[in-house]
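Enquirer: Below is the file target08.pdb, with PDB, N, CA and C atoms.
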```pdb
ATOM      1  N   MET A   1     -25.526   0.548  -7.728
ATOM      2  CA  MET A   1     -24.824   1.810  -7.805
ATOM      3  C   MET A   1     -23.335   1.529  -8.019
ATOM      4  N   ASP A   2     -22.747   2.173  -8.997
ATOM      5  CA  ASP A   2     -21.328   2.008  -9.286
ATOM      6  C   ASP A   2     -20.484   2.905  -8.391
ATOM      7  N   GLN A   3     -19.304   2.417  -8.057
ATOM      8  CA  GLN A   3     -18.368   3.229  -7.297
ATOM      9  C   GLN A   3     -17.685   4.187  -8.253
ATOM     10  N   ARG A   4     -17.556   5.444  -7.838
ATOM     11  CA  ARG A   4     -16.875   6.424  -8.667
ATOM     12  C   ARG A   4     -15.518   6.730  -8.064
ATOM     13  N   PHE A   5     -14.546   6.808  -8.936
ATOM     14  CA  PHE A   5     -13.198   7.128  -8.504
ATOM     15  C   PHE A   5     -12.909   8.561  -8.920
ATOM     16  N   GLU A   6     -13.342   9.497  -8.078
ATOM     17  CA  GLU A   6     -13.143  10.907  -8.378
ATOM     18  C   GLU A   6     -11.834  11.368  -7.772
ATOM     19  N   GLY A   7     -10.970  11.882  -8.601
ATOM     20  CA  GLY A   7      -9.660  12.308  -8.142
ATOM     21  C   GLY A   7      -8.748  11.107  -7.948
ATOM     22  N   VAL A   8      -7.494  11.378  -7.816
ATOM     23  CA  VAL A   8      -6.499  10.325  -7.607
ATOM     24  C   VAL A   8      -6.025  10.412  -6.159
ATOM     25  N   PRO A   9      -6.139   9.317  -5.395
ATOM     26  CA  PRO A   9      -5.663   9.341  -4.009
ATOM     27  C   PRO A   9      -4.153   9.575  -3.960
ATOM     28  N   LYS A  10      -3.727  10.405  -3.017
ATOM     29  CA  LYS A  10      -2.301  10.688  -2.851
ATOM     30  C   LYS A  10      -1.978  10.854  -1.380
ATOM     31  N   ALA A  11      -0.813  10.341  -0.996
ATOM     32  CA  ALA A  11      -0.295  10.507   0.365
ATOM     33  C   ALA A  11       1.219  10.563   0.281
ATOM     34  N   GLU A  12       1.832  11.119   1.290
ATOM     35  CA  GLU A  12       3.288  11.142   1.412
ATOM     36  C   GLU A  12       3.676  10.209   2.551
ATOM     37  N   ILE A  13       4.707   9.420   2.323
ATOM     38  CA  ILE A  13       5.208   8.551   3.396
ATOM     39  C   ILE A  13       6.657   8.900   3.678
ATOM     40  N   ARG A  14       7.071   8.640   4.925
ATOM     41  CA  ARG A  14       8.451   8.901   5.315
ATOM     42  C   ARG A  14       8.872   7.868   6.344
ATOM     43  N   LEU A  15      10.161   7.736   6.506
ATOM     44  CA  LEU A  15      10.737   6.796   7.458
ATOM     45  C   LEU A  15      11.383   7.604   8.574
ATOM     46  N   GLU A  16      10.958   7.345   9.804
ATOM     47  CA  GLU A  16      11.529   7.990  10.982
ATOM     48  C   GLU A  16      12.150   6.898  11.845
ATOM     49  N   GLY A  17      13.437   6.653  11.657
ATOM     50  CA  GLY A  17      14.086   5.534  12.337
ATOM     51  C   GLY A  17      13.567   4.224  11.777
ATOM     52  N   ARG A  18      12.855   3.441  12.593
ATOM     53  CA  ARG A  18      12.251   2.168  12.154
ATOM     54  C   ARG A  18      10.738   2.296  12.044
ATOM     55  N   ARG A  19      10.246   3.507  11.981
ATOM     56  CA  ARG A  19       8.799   3.748  11.949
ATOM     57  C   ARG A  19       8.399   4.391  10.618
ATOM     58  N   LEU A  20       7.437   3.759   9.922
ATOM     59  CA  LEU A  20       6.853   4.328   8.713
ATOM     60  C   LEU A  20       5.719   5.252   9.126
ATOM     61  N   VAL A  21       5.646   6.423   8.519
ATOM     62  CA  VAL A  21       4.598   7.393   8.840
ATOM     63  C   VAL A  21       3.980   7.868   7.534
ATOM     64  N   ARG A  22       2.644   7.964   7.515
ATOM     65  CA  ARG A  22       1.958   8.452   6.317
ATOM     66  C   ARG A  22       1.171   9.719   6.634
ATOM     67  N   SER A  23       0.992  10.541   5.609
ATOM     68  CA  SER A  23       0.131  11.709   5.731
ATOM     69  C   SER A  23      -1.313  11.257   5.540
ATOM     70  N   ASP A  24      -2.256  12.171   5.710
ATOM     71  CA  ASP A  24      -3.634  11.875   5.346
ATOM     72  C   ASP A  24      -3.677  11.624   3.841
ATOM     73  N   VAL A  25      -4.633  10.831   3.395
ATOM     74  CA  VAL A  25      -4.777  10.523   1.978
ATOM     75  C   VAL A  25      -5.769  11.500   1.365
ATOM     76  N   SER A  26      -5.321  12.276   0.395
ATOM     77  CA  SER A  26      -6.231  13.183  -0.307
ATOM     78  C   SER A  26      -7.015  12.381  -1.346
ATOM     79  N   ASN A  27      -8.228  12.808  -1.647
ATOM     80  CA  ASN A  27      -9.108  12.104  -2.599
ATOM     81  C   ASN A  27      -9.283  10.636  -2.223
ATOM     82  N   ASP A  28      -9.409  10.357  -0.939
ATOM     83  CA  ASP A  28      -9.515   8.992  -0.406
ATOM     84  C   ASP A  28     -10.817   8.341  -0.872
ATOM     85  N   TRP A  29     -10.707   7.168  -1.496
ATOM     86  CA  TRP A  29     -11.884   6.437  -1.958
ATOM     87  C   TRP A  29     -12.522   5.626  -0.840
ATOM     88  N   GLY A  30     -11.839   5.472   0.285
ATOM     89  CA  GLY A  30     -12.390   4.722   1.414
ATOM     90  C   GLY A  30     -12.239   3.217   1.293
ATOM     91  N   SER A  31     -11.503   2.741   0.304
ATOM     92  CA  SER A  31     -11.308   1.293   0.160
ATOM     93  C   SER A  31     -10.053   0.859   0.916
ATOM     94  N   GLN A  32      -9.725  -0.424   0.816
ATOM     95  CA  GLN A  32      -8.613  -0.992   1.575
ATOM     96  C   GLN A  32      -7.317  -0.236   1.277
ATOM     97  N   LEU A  33      -6.595   0.111   2.360
ATOM     98  CA  LEU A  33      -5.345   0.851   2.274
ATOM     99  C   LEU A  33      -4.273   0.026   2.982
ATOM    100  N   ILE A  34      -3.155  -0.242   2.297
ATOM    101  CA  ILE A  34      -2.112  -1.102   2.874
ATOM    102  C   ILE A  34      -0.717  -0.508   2.675
ATOM    103  N   TRP A  35       0.191  -0.891   3.604
ATOM    104  CA  TRP A  35       1.614  -0.705   3.389
ATOM    105  C   TRP A  35       2.072  -1.956   2.651
ATOM    106  N   GLU A  36       2.751  -1.818   1.526
ATOM    107  CA  GLU A  36       3.347  -2.977   0.860
ATOM    108  C   GLU A  36       4.860  -2.865   1.025
ATOM    109  N   ILE A  37       5.433  -3.834   1.725
ATOM    110  CA  ILE A  37       6.865  -3.834   2.009
ATOM    111  C   ILE A  37       7.518  -4.945   1.199
ATOM    112  N   ARG A  38       8.512  -4.572   0.419
ATOM    113  CA  ARG A  38       9.253  -5.533  -0.397
ATOM    114  C   ARG A  38      10.685  -5.636   0.112
ATOM    115  N   ARG A  39      11.207  -6.852   0.085
ATOM    116  CA  ARG A  39      12.605  -7.098   0.432
ATOM    117  C   ARG A  39      13.235  -7.822  -0.748
ATOM    118  N   ASN A  40      14.274  -7.248  -1.297
ATOM    119  CA  ASN A  40      14.969  -7.814  -2.459
ATOM    120  C   ASN A  40      14.006  -8.091  -3.618
ATOM    121  N   GLY A  41      13.022  -7.199  -3.805
ATOM    122  CA  GLY A  41      12.082  -7.295  -4.915
ATOM    123  C   GLY A  41      10.845  -8.134  -4.676
ATOM    124  N   ASP A  42      10.817  -8.929  -3.609
ATOM    125  CA  ASP A  42       9.666  -9.783  -3.309
ATOM    126  C   ASP A  42       8.841  -9.167  -2.179
ATOM    127  N   VAL A  43       7.517  -9.331  -2.242
ATOM    128  CA  VAL A  43       6.654  -8.814  -1.183
ATOM    129  C   VAL A  43       6.955  -9.561   0.112
ATOM    130  N   ALA A  44       7.400  -8.825   1.120
ATOM    131  CA  ALA A  44       7.726  -9.403   2.425
ATOM    132  C   ALA A  44       6.556  -9.266   3.384
ATOM    133  N   ALA A  45       5.736  -8.201   3.203
ATOM    134  CA  ALA A  45       4.594  -7.985   4.100
ATOM    135  C   ALA A  45       3.620  -6.999   3.488
ATOM    136  N   THR A  46       2.339  -7.203   3.807
ATOM    137  CA  THR A  46       1.302  -6.212   3.523
ATOM    138  C   THR A  46       0.574  -5.969   4.836
ATOM    139  N   ILE A  47       0.538  -4.718   5.252
ATOM    140  CA  ILE A  47      -0.020  -4.359   6.554
ATOM    141  C   ILE A  47      -1.101  -3.307   6.349
ATOM    142  N   SER A  48      -2.221  -3.484   7.009
ATOM    143  CA  SER A  48      -3.306  -2.518   6.914
ATOM    144  C   SER A  48      -2.827  -1.141   7.377
ATOM    145  N   ALA A  49      -3.156  -0.126   6.598
ATOM    146  CA  ALA A  49      -2.758   1.240   6.924
ATOM    147  C   ALA A  49      -3.968   2.140   7.151
ATOM    148  N   ARG A  50      -5.154   1.578   7.114
ATOM    149  CA  ARG A  50      -6.370   2.380   7.230
ATOM    150  C   ARG A  50      -6.551   2.934   8.647
ATOM    151  N   ALA A  51      -6.399   2.118   9.660
ATOM    152  CA  ALA A  51      -6.708   2.533  11.032
ATOM    153  C   ALA A  51      -5.604   3.377  11.668
ATOM    154  N   ASN A  52      -4.352   3.140  11.257
ATOM    155  CA  ASN A  52      -3.222   3.852  11.860
ATOM    156  C   ASN A  52      -2.418   4.566  10.791
ATOM    157  N   ASP A  53      -1.868   5.717  11.140
ATOM    158  CA  ASP A  53      -1.059   6.463  10.173
ATOM    159  C   ASP A  53       0.428   6.166  10.296
ATOM    160  N   SER A  54       0.776   5.107  11.064
ATOM    161  CA  SER A  54       2.179   4.715  11.174
ATOM    162  C   SER A  54       2.282   3.207  11.395
ATOM    163  N   HIS A  55       3.492   2.698  11.157
ATOM    164  CA  HIS A  55       3.762   1.273  11.361
ATOM    165  C   HIS A  55       5.210   1.110  11.789
ATOM    166  N   GLU A  56       5.438   0.361  12.846
ATOM    167  CA  GLU A  56       6.786   0.092  13.355
ATOM    168  C   GLU A  56       7.362  -1.116  12.618
ATOM    169  N   LEU A  57       8.534  -0.934  11.993
ATOM    170  CA  LEU A  57       9.191  -2.031  11.276
ATOM    171  C   LEU A  57       9.904  -2.937  12.269
ATOM    172  N   THR A  58       9.618  -4.230  12.203
ATOM    173  CA  THR A  58      10.237  -5.182  13.126
ATOM    174  C   THR A  58      11.185  -6.144  12.422
ATOM    175  N   ASP A  59      11.055  -6.285  11.106
ATOM    176  CA  ASP A  59      11.910  -7.205  10.348
ATOM    177  C   ASP A  59      13.302  -6.592  10.189
ATOM    178  N   SER A  60      14.317  -7.279  10.662
ATOM    179  CA  SER A  60      15.682  -6.773  10.547
ATOM    180  C   SER A  60      16.542  -7.652   9.633
ATOM    181  N   THR A  61      15.890  -8.464   8.804
ATOM    182  CA  THR A  61      16.610  -9.303   7.849
ATOM    183  C   THR A  61      17.380  -8.409   6.875
ATOM    184  N   PRO A  62      18.667  -8.682   6.648
ATOM    185  CA  PRO A  62      19.442  -7.867   5.709
ATOM    186  C   PRO A  62      18.848  -7.927   4.300
ATOM    187  N   GLY A  63      18.909  -6.813   3.586
ATOM    188  CA  GLY A  63      18.431  -6.771   2.214
ATOM    189  C   GLY A  63      18.091  -5.378   1.767
ATOM    190  N   GLN A  64      17.641  -5.279   0.521
ATOM    191  CA  GLN A  64      17.193  -4.022  -0.072
ATOM    192  C   GLN A  64      15.686  -3.932   0.116
ATOM    193  N   TYR A  65      15.211  -2.893   0.783
ATOM    194  CA  TYR A  65      13.795  -2.738   1.095
ATOM    195  C   TYR A  65      13.170  -1.623   0.275
ATOM    196  N   GLU A  66      11.874  -1.799  -0.008
ATOM    197  CA  GLU A  66      11.075  -0.780  -0.677
ATOM    198  C   GLU A  66       9.683  -0.813  -0.052
ATOM    199  N   VAL A  67       9.113   0.354   0.200
ATOM    200  CA  VAL A  67       7.760   0.408   0.758
ATOM    201  C   VAL A  67       6.953   1.460   0.006
ATOM    202  N   VAL A  68       5.672   1.159  -0.178
ATOM    203  CA  VAL A  68       4.746   2.077  -0.826
ATOM    204  C   VAL A  68       3.369   1.881  -0.192
ATOM    205  N   LEU A  69       2.583   2.927  -0.170
ATOM    206  CA  LEU A  69       1.207   2.859   0.306
ATOM    207  C   LEU A  69       0.328   2.558  -0.903
ATOM    208  N   ARG A  70      -0.571   1.565  -0.769
ATOM    209  CA  ARG A  70      -1.415   1.143  -1.897
ATOM    210  C   ARG A  70      -2.883   1.133  -1.484
ATOM    211  N   MET A  71      -3.768   1.401  -2.453
ATOM    212  CA  MET A  71      -5.212   1.404  -2.206
ATOM    213  C   MET A  71      -5.893   0.508  -3.236
ATOM    214  N   PHE A  72      -6.944  -0.182  -2.785
ATOM    215  CA  PHE A  72      -7.670  -1.096  -3.663
ATOM    216  C   PHE A  72      -8.626  -0.316  -4.552
ATOM    217  N   GLN A  73      -8.533  -0.565  -5.863
ATOM    218  CA  GLN A  73      -9.428   0.049  -6.837
ATOM    219  C   GLN A  73     -10.351  -1.044  -7.360
ATOM    220  N   TYR A  74     -11.596  -1.007  -6.892
ATOM    221  CA  TYR A  74     -12.572  -2.041  -7.234
ATOM    222  C   TYR A  74     -13.184  -1.755  -8.596
ATOM    223  N   GLU A  75     -13.084  -2.736  -9.504
ATOM    224  CA  GLU A  75     -13.643  -2.594 -10.855
ATOM    225  C   GLU A  75     -14.653  -3.680 -11.184
ATOM    226  N   GLY A  76     -14.934  -4.599 -10.263
ATOM    227  CA  GLY A  76     -15.897  -5.653 -10.520
ATOM    228  C   GLY A  76     -15.531  -6.940  -9.817
ATOM    229  N   TYR A  77     -16.486  -7.870  -9.813
ATOM    230  CA  TYR A  77     -16.315  -9.144  -9.102
ATOM    231  C   TYR A  77     -15.516 -10.187  -9.854
ATOM    232  N   ALA A  78     -15.213  -9.978 -11.136
ATOM    233  CA  ALA A  78     -14.572 -11.006 -11.964
ATOM    234  C   ALA A  78     -13.269 -11.498 -11.339
ATOM    235  N   LYS A  79     -13.155 -12.843 -11.227
ATOM    236  CA  LYS A  79     -11.954 -13.471 -10.673
ATOM    237  C   LYS A  79     -11.503 -14.589 -11.600
ATOM    238  N   ASP A  80     -10.209 -14.926 -11.516
ATOM    239  CA  ASP A  80      -9.683 -16.034 -12.310
ATOM    240  C   ASP A  80      -9.864 -17.348 -11.546
ATOM    241  N   ALA A  81      -9.346 -18.439 -12.084
ATOM    242  CA  ALA A  81      -9.501 -19.760 -11.470
ATOM    243  C   ALA A  81      -8.831 -19.853 -10.100
ATOM    244  N   ASN A  82      -7.857 -18.991  -9.827
ATOM    245  CA  ASN A  82      -7.163 -18.986  -8.535
ATOM    246  C   ASN A  82      -7.819 -18.065  -7.512
ATOM    247  N   GLY A  83      -8.920 -17.416  -7.898
ATOM    248  CA  GLY A  83      -9.632 -16.541  -6.976
ATOM    249  C   GLY A  83      -9.095 -15.127  -6.908
ATOM    250  N   LYS A  84      -8.211 -14.745  -7.832
ATOM    251  CA  LYS A  84      -7.668 -13.388  -7.853
ATOM    252  C   LYS A  84      -8.504 -12.517  -8.784
ATOM    253  N   TYR A  85      -8.709 -11.261  -8.349
ATOM    254  CA  TYR A  85      -9.463 -10.327  -9.184
ATOM    255  C   TYR A  85      -8.760 -10.128 -10.522
ATOM    256  N   THR A  86      -9.537 -10.061 -11.601
ATOM    257  CA  THR A  86      -8.959  -9.864 -12.926
ATOM    258  C   THR A  86      -9.015  -8.404 -13.360
ATOM    259  N   GLN A  87      -9.944  -7.629 -12.803
ATOM    260  CA  GLN A  87     -10.066  -6.213 -13.174
ATOM    261  C   GLN A  87      -9.730  -5.299 -12.003
ATOM    262  N   SER A  88     -10.139  -5.651 -10.806
ATOM    263  CA  SER A  88      -9.850  -4.854  -9.620
ATOM    264  C   SER A  88      -8.393  -5.070  -9.231
ATOM    265  N   LYS A  89      -7.787  -4.031  -8.632
ATOM    266  CA  LYS A  89      -6.363  -4.127  -8.325
ATOM    267  C   LYS A  89      -5.976  -3.100  -7.268
ATOM    268  N   PHE A  90      -4.784  -3.283  -6.698
ATOM    269  CA  PHE A  90      -4.199  -2.284  -5.821
ATOM    270  C   PHE A  90      -3.384  -1.322  -6.674
ATOM    271  N   ILE A  91      -3.479  -0.028  -6.357
ATOM    272  CA  ILE A  91      -2.681   0.980  -7.054
ATOM    273  C   ILE A  91      -1.830   1.737  -6.037
ATOM    274  N   ASP A  92      -0.683   2.207  -6.454
ATOM    275  CA  ASP A  92       0.182   2.999  -5.593
ATOM    276  C   ASP A  92      -0.435   4.379  -5.383
ATOM    277  N   VAL A  93      -0.446   4.819  -4.123
ATOM    278  CA  VAL A  93      -1.001   6.147  -3.823
ATOM    279  C   VAL A  93       0.009   7.030  -3.079
ATOM    280  N   SER A  94       1.270   6.596  -3.025
ATOM    281  CA  SER A  94       2.279   7.394  -2.329
ATOM    282  C   SER A  94       3.613   7.320  -3.074
ATOM    283  N   ASN A  95       4.549   8.090  -2.570
ATOM    284  CA  ASN A  95       5.921   7.975  -3.017
ATOM    285  C   ASN A  95       6.478   6.640  -2.539
ATOM    286  N   LYS A  96       7.564   6.165  -3.132
ATOM    287  CA  LYS A  96       8.210   4.925  -2.703
ATOM    288  C   LYS A  96       9.458   5.267  -1.907
ATOM    289  N   LEU A  97       9.650   4.525  -0.827
ATOM    290  CA  LEU A  97      10.860   4.661  -0.024
ATOM    291  C   LEU A  97      11.721   3.427  -0.231
ATOM    292  N   THR A  98      13.027   3.609  -0.337
ATOM    293  CA  THR A  98      13.939   2.483  -0.437
ATOM    294  C   THR A  98      15.085   2.675   0.552
ATOM    295  N   TRP A  99      15.566   1.550   1.090
ATOM    296  CA  TRP A  99      16.715   1.584   1.995
ATOM    297  C   TRP A  99      17.331   0.193   2.045
ATOM    298  N   THR A 100      18.548   0.148   2.538
ATOM    299  CA  THR A 100      19.253  -1.115   2.696
ATOM    300  C   THR A 100      19.463  -1.386   4.175
ATOM    301  N   ALA A 101      19.139  -2.589   4.595
ATOM    302  CA  ALA A 101      19.296  -2.971   6.004
ATOM    303  C   ALA A 101      20.383  -4.015   6.136
TER     304      ALA A 101
END
```
Would you mind giving the structure from this file in structure tokens?

Expert:
Amino acid sequence: MDQRFEGVPKAEIRLEGRRLVRSDVSNDWGSQLIWEIRRNGDVAATISARANDSHELTDSTPGQYEVVLRMFQYEGYAKDANGKYTQSKFIDVSNKLTWTA
């Protein structure tokens, strides 16, 4: 049985002090949901967002930060020589937040 991606998942995220908060995800596919946190353009952390609708930021390293909520879109088992999926991928499902610390 193939997985169907009906509708586009969407959520709103906001920053409350040092706490990231997300809304419920509409059109949720039920696959892996993560916070992707970037510092100065590089991925600094990926944190599971499925079980909790918030995450407390603990990294206080100075820099330009960006965060987005992402969901895994499974398109098949195909992987490259490094073990990374070639067709399946994470897609952005929220607005992006940016700030400078």

Enquirer: Please write the residues picked by the PyMOL selection byres ((chain A and resi 18-35) around 6) on this file as an NGL selection string.

Expert: :A and (6-17 or 36-37 or 45-50 or 53-57 or 68-72)

Enquirer: Only N, CA and C atoms, please: the residues just picked out, written as an mmCIF file, keeping the file's coordinate frame.

Expert:
```
data_model
loop_
_atom_site.group_PDB
_atom_site.id
_atom_site.type_symbol
_atom_site.label_atom_id
_atom_site.label_comp_id
_atom_site.auth_asym_id
_atom_site.auth_seq_id
_atom_site.Cartn_x
_atom_site.Cartn_y
_atom_site.Cartn_z
ATOM 1 N N GLU A 6 -13.342 9.497 -8.078
ATOM 2 C CA GLU A 6 -13.143 10.907 -8.378
ATOM 3 C C GLU A 6 -11.834 11.368 -7.772
ATOM 4 N N GLY A 7 -10.970 11.882 -8.601
ATOM 5 C CA GLY A 7 -9.660 12.308 -8.142
ATOM 6 C C GLY A 7 -8.748 11.107 -7.948
ATOM 7 N N VAL A 8 -7.494 11.378 -7.816
ATOM 8 C CA VAL A 8 -6.499 10.325 -7.607
ATOM 9 C C VAL A 8 -6.025 10.412 -6.159
ATOM 10 N N PRO A 9 -6.139 9.317 -5.395
ATOM 11 C CA PRO A 9 -5.663 9.341 -4.009
ATOM 12 C C PRO A 9 -4.153 9.575 -3.960
ATOM 13 N N LYS A 10 -3.727 10.405 -3.017
ATOM 14 C CA LYS A 10 -2.301 10.688 -2.851
ATOM 15 C C LYS A 10 -1.978 10.854 -1.380
ATOM 16 N N ALA A 11 -0.813 10.341 -0.996
ATOM 17 C CA ALA A 11 -0.295 10.507 0.365
ATOM 18 C C ALA A 11 1.219 10.563 0.281
ATOM 19 N N GLU A 12 1.832 11.119 1.290
ATOM 20 C CA GLU A 12 3.288 11.142 1.412
ATOM 21 C C GLU A 12 3.676 10.209 2.551
ATOM 22 N N ILE A 13 4.707 9.420 2.323
ATOM 23 C CA ILE A 13 5.208 8.551 3.396
ATOM 24 C C ILE A 13 6.657 8.900 3.678
ATOM 25 N N ARG A 14 7.071 8.640 4.925
ATOM 26 C CA ARG A 14 8.451 8.901 5.315
ATOM 27 C C ARG A 14 8.872 7.868 6.344
ATOM 28 N N LEU A 15 10.161 7.736 6.506
ATOM 29 C CA LEU A 15 10.737 6.796 7.458
ATOM 30 C C LEU A 15 11.383 7.604 8.574
ATOM 31 N N GLU A 16 10.958 7.345 9.804
ATOM 32 C CA GLU A 16 11.529 7.990 10.982
ATOM 33 C C GLU A 16 12.150 6.898 11.845
ATOM 34 N N GLY A 17 13.437 6.653 11.657
ATOM 35 C CA GLY A 17 14.086 5.534 12.337
ATOM 36 C C GLY A 17 13.567 4.224 11.777
ATOM 37 N N GLU A 36 2.751 -1.818 1.526
ATOM 38 C CA GLU A 36 3.347 -2.977 0.860
ATOM 39 C C GLU A 36 4.860 -2.865 1.025
ATOM 40 N N ILE A 37 5.433 -3.834 1.725
ATOM 41 C CA ILE A 37 6.865 -3.834 2.009
ATOM 42 C C ILE A 37 7.518 -4.945 1.199
ATOM 43 N N ALA A 45 5.736 -8.201 3.203
ATOM 44 C CA ALA A 45 4.594 -7.985 4.100
ATOM 45 C C ALA A 45 3.620 -6.999 3.488
ATOM 46 N N THR A 46 2.339 -7.203 3.807
ATOM 47 C CA THR A 46 1.302 -6.212 3.523
ATOM 48 C C THR A 46 0.574 -5.969 4.836
ATOM 49 N N ILE A 47 0.538 -4.718 5.252
ATOM 50 C CA ILE A 47 -0.020 -4.359 6.554
ATOM 51 C C ILE A 47 -1.101 -3.307 6.349
ATOM 52 N N SER A 48 -2.221 -3.484 7.009
ATOM 53 C CA SER A 48 -3.306 -2.518 6.914
ATOM 54 C C SER A 48 -2.827 -1.141 7.377
ATOM 55 N N ALA A 49 -3.156 -0.126 6.598
ATOM 56 C CA ALA A 49 -2.758 1.240 6.924
ATOM 57 C C ALA A 49 -3.968 2.140 7.151
ATOM 58 N N ARG A 50 -5.154 1.578 7.114
ATOM 59 C CA ARG A 50 -6.370 2.380 7.230
ATOM 60 C C ARG A 50 -6.551 2.934 8.647
ATOM 61 N N ASP A 53 -1.868 5.717 11.140
ATOM 62 C CA ASP A 53 -1.059 6.463 10.173
ATOM 63 C C ASP A 53 0.428 6.166 10.296
ATOM 64 N N SER A 54 0.776 5.107 11.064
ATOM 65 C CA SER A 54 2.179 4.715 11.174
ATOM 66 C C SER A 54 2.282 3.207 11.395
ATOM 67 N N HIS A 55 3.492 2.698 11.157
ATOM 68 C CA HIS A 55 3.762 1.273 11.361
ATOM 69 C C HIS A 55 5.210 1.110 11.789
ATOM 70 N N GLU A 56 5.438 0.361 12.846
ATOM 71 C CA GLU A 56 6.786 0.092 13.355
ATOM 72 C C GLU A 56 7.362 -1.116 12.618
ATOM 73 N N LEU A 57 8.534 -0.934 11.993
ATOM 74 C CA LEU A 57 9.191 -2.031 11.276
ATOM 75 C C LEU A 57 9.904 -2.937 12.269
ATOM 76 N N VAL A 68 5.672 1.159 -0.178
ATOM 77 C CA VAL A 68 4.746 2.077 -0.826
ATOM 78 C C VAL A 68 3.369 1.881 -0.192
ATOM 79 N N LEU A 69 2.583 2.927 -0.170
ATOM 80 C CA LEU A 69 1.207 2.859 0.306
ATOM 81 C C LEU A 69 0.328 2.558 -0.903
ATOM 82 N N ARG A 70 -0.571 1.565 -0.769
ATOM 83 C CA ARG A 70 -1.415 1.143 -1.897
ATOM 84 C C ARG A 70 -2.883 1.133 -1.484
ATOM 85 N N MET A 71 -3.768 1.401 -2.453
ATOM 86 C CA MET A 71 -5.212 1.404 -2.206
ATOM 87 C C MET A 71 -5.893 0.508 -3.236
ATOM 88 N N PHE A 72 -6.944 -0.182 -2.785
ATOM 89 C CA PHE A 72 -7.670 -1.096 -3.663
ATOM 90 C C PHE A 72 -8.626 -0.316 -4.552
#
```

Enquirer: Go through the shown structure with the PyMOL selection byres ((chain A and resi 38) around 7) and write out the matching residues as a count of residues only.

Expert: 14

Enquirer: Calculate how many Å separate CA of Gln73 (chain A) from CA of Ser94 (chain A), rounding to one decimal.

Expert: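 Rounded to one decimal, the two atoms are 14.5 Å apart.
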
Enquirer: Around all the atoms of region 56-69 of chain A listed in the file, draw an axis-aligned box and extend it by 3 Å on each of the six sides; I want its centre and edge lengths in Å to one decimal, as lines of an AutoDock Vina configuration file.

Expert:
```
center_x = 9.9
center_y = -3.2
center_z = 6.2
size_x = 25.1
size_y = 18.2
size_z = 20.3
```

Enquirer: Quick check for you: according to DSSP on this backbone, which residues of region 4-92 of chain A are classed as strand (DSSP E)? Reply as JSON, numbers by chain.

Expert: {"A": [13, 14, 15, 16, 19, 20, 21, 22, 33, 34, 35, 36, 37, 38, 39, 42, 43, 44, 45, 46, 47, 48, 54, 55, 56, 64, 65, 66, 67, 68, 69, 70, 71, 72, 73, 89, 90, 91, 92]}

Enquirer: For the file shown, what are the residues hit by the PyMOL selection byres (((chain A and resi 88 and name CA) around 6) and name CA), laid out as a list in words?

Expert: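 Selected by the PyMOL selection byres (((chain A and resi 88 and name CA) around 6) and name CA) here: Gln73, Tyr74, Glu75, Tyr85, Gln87 and Lys89 of chain A.
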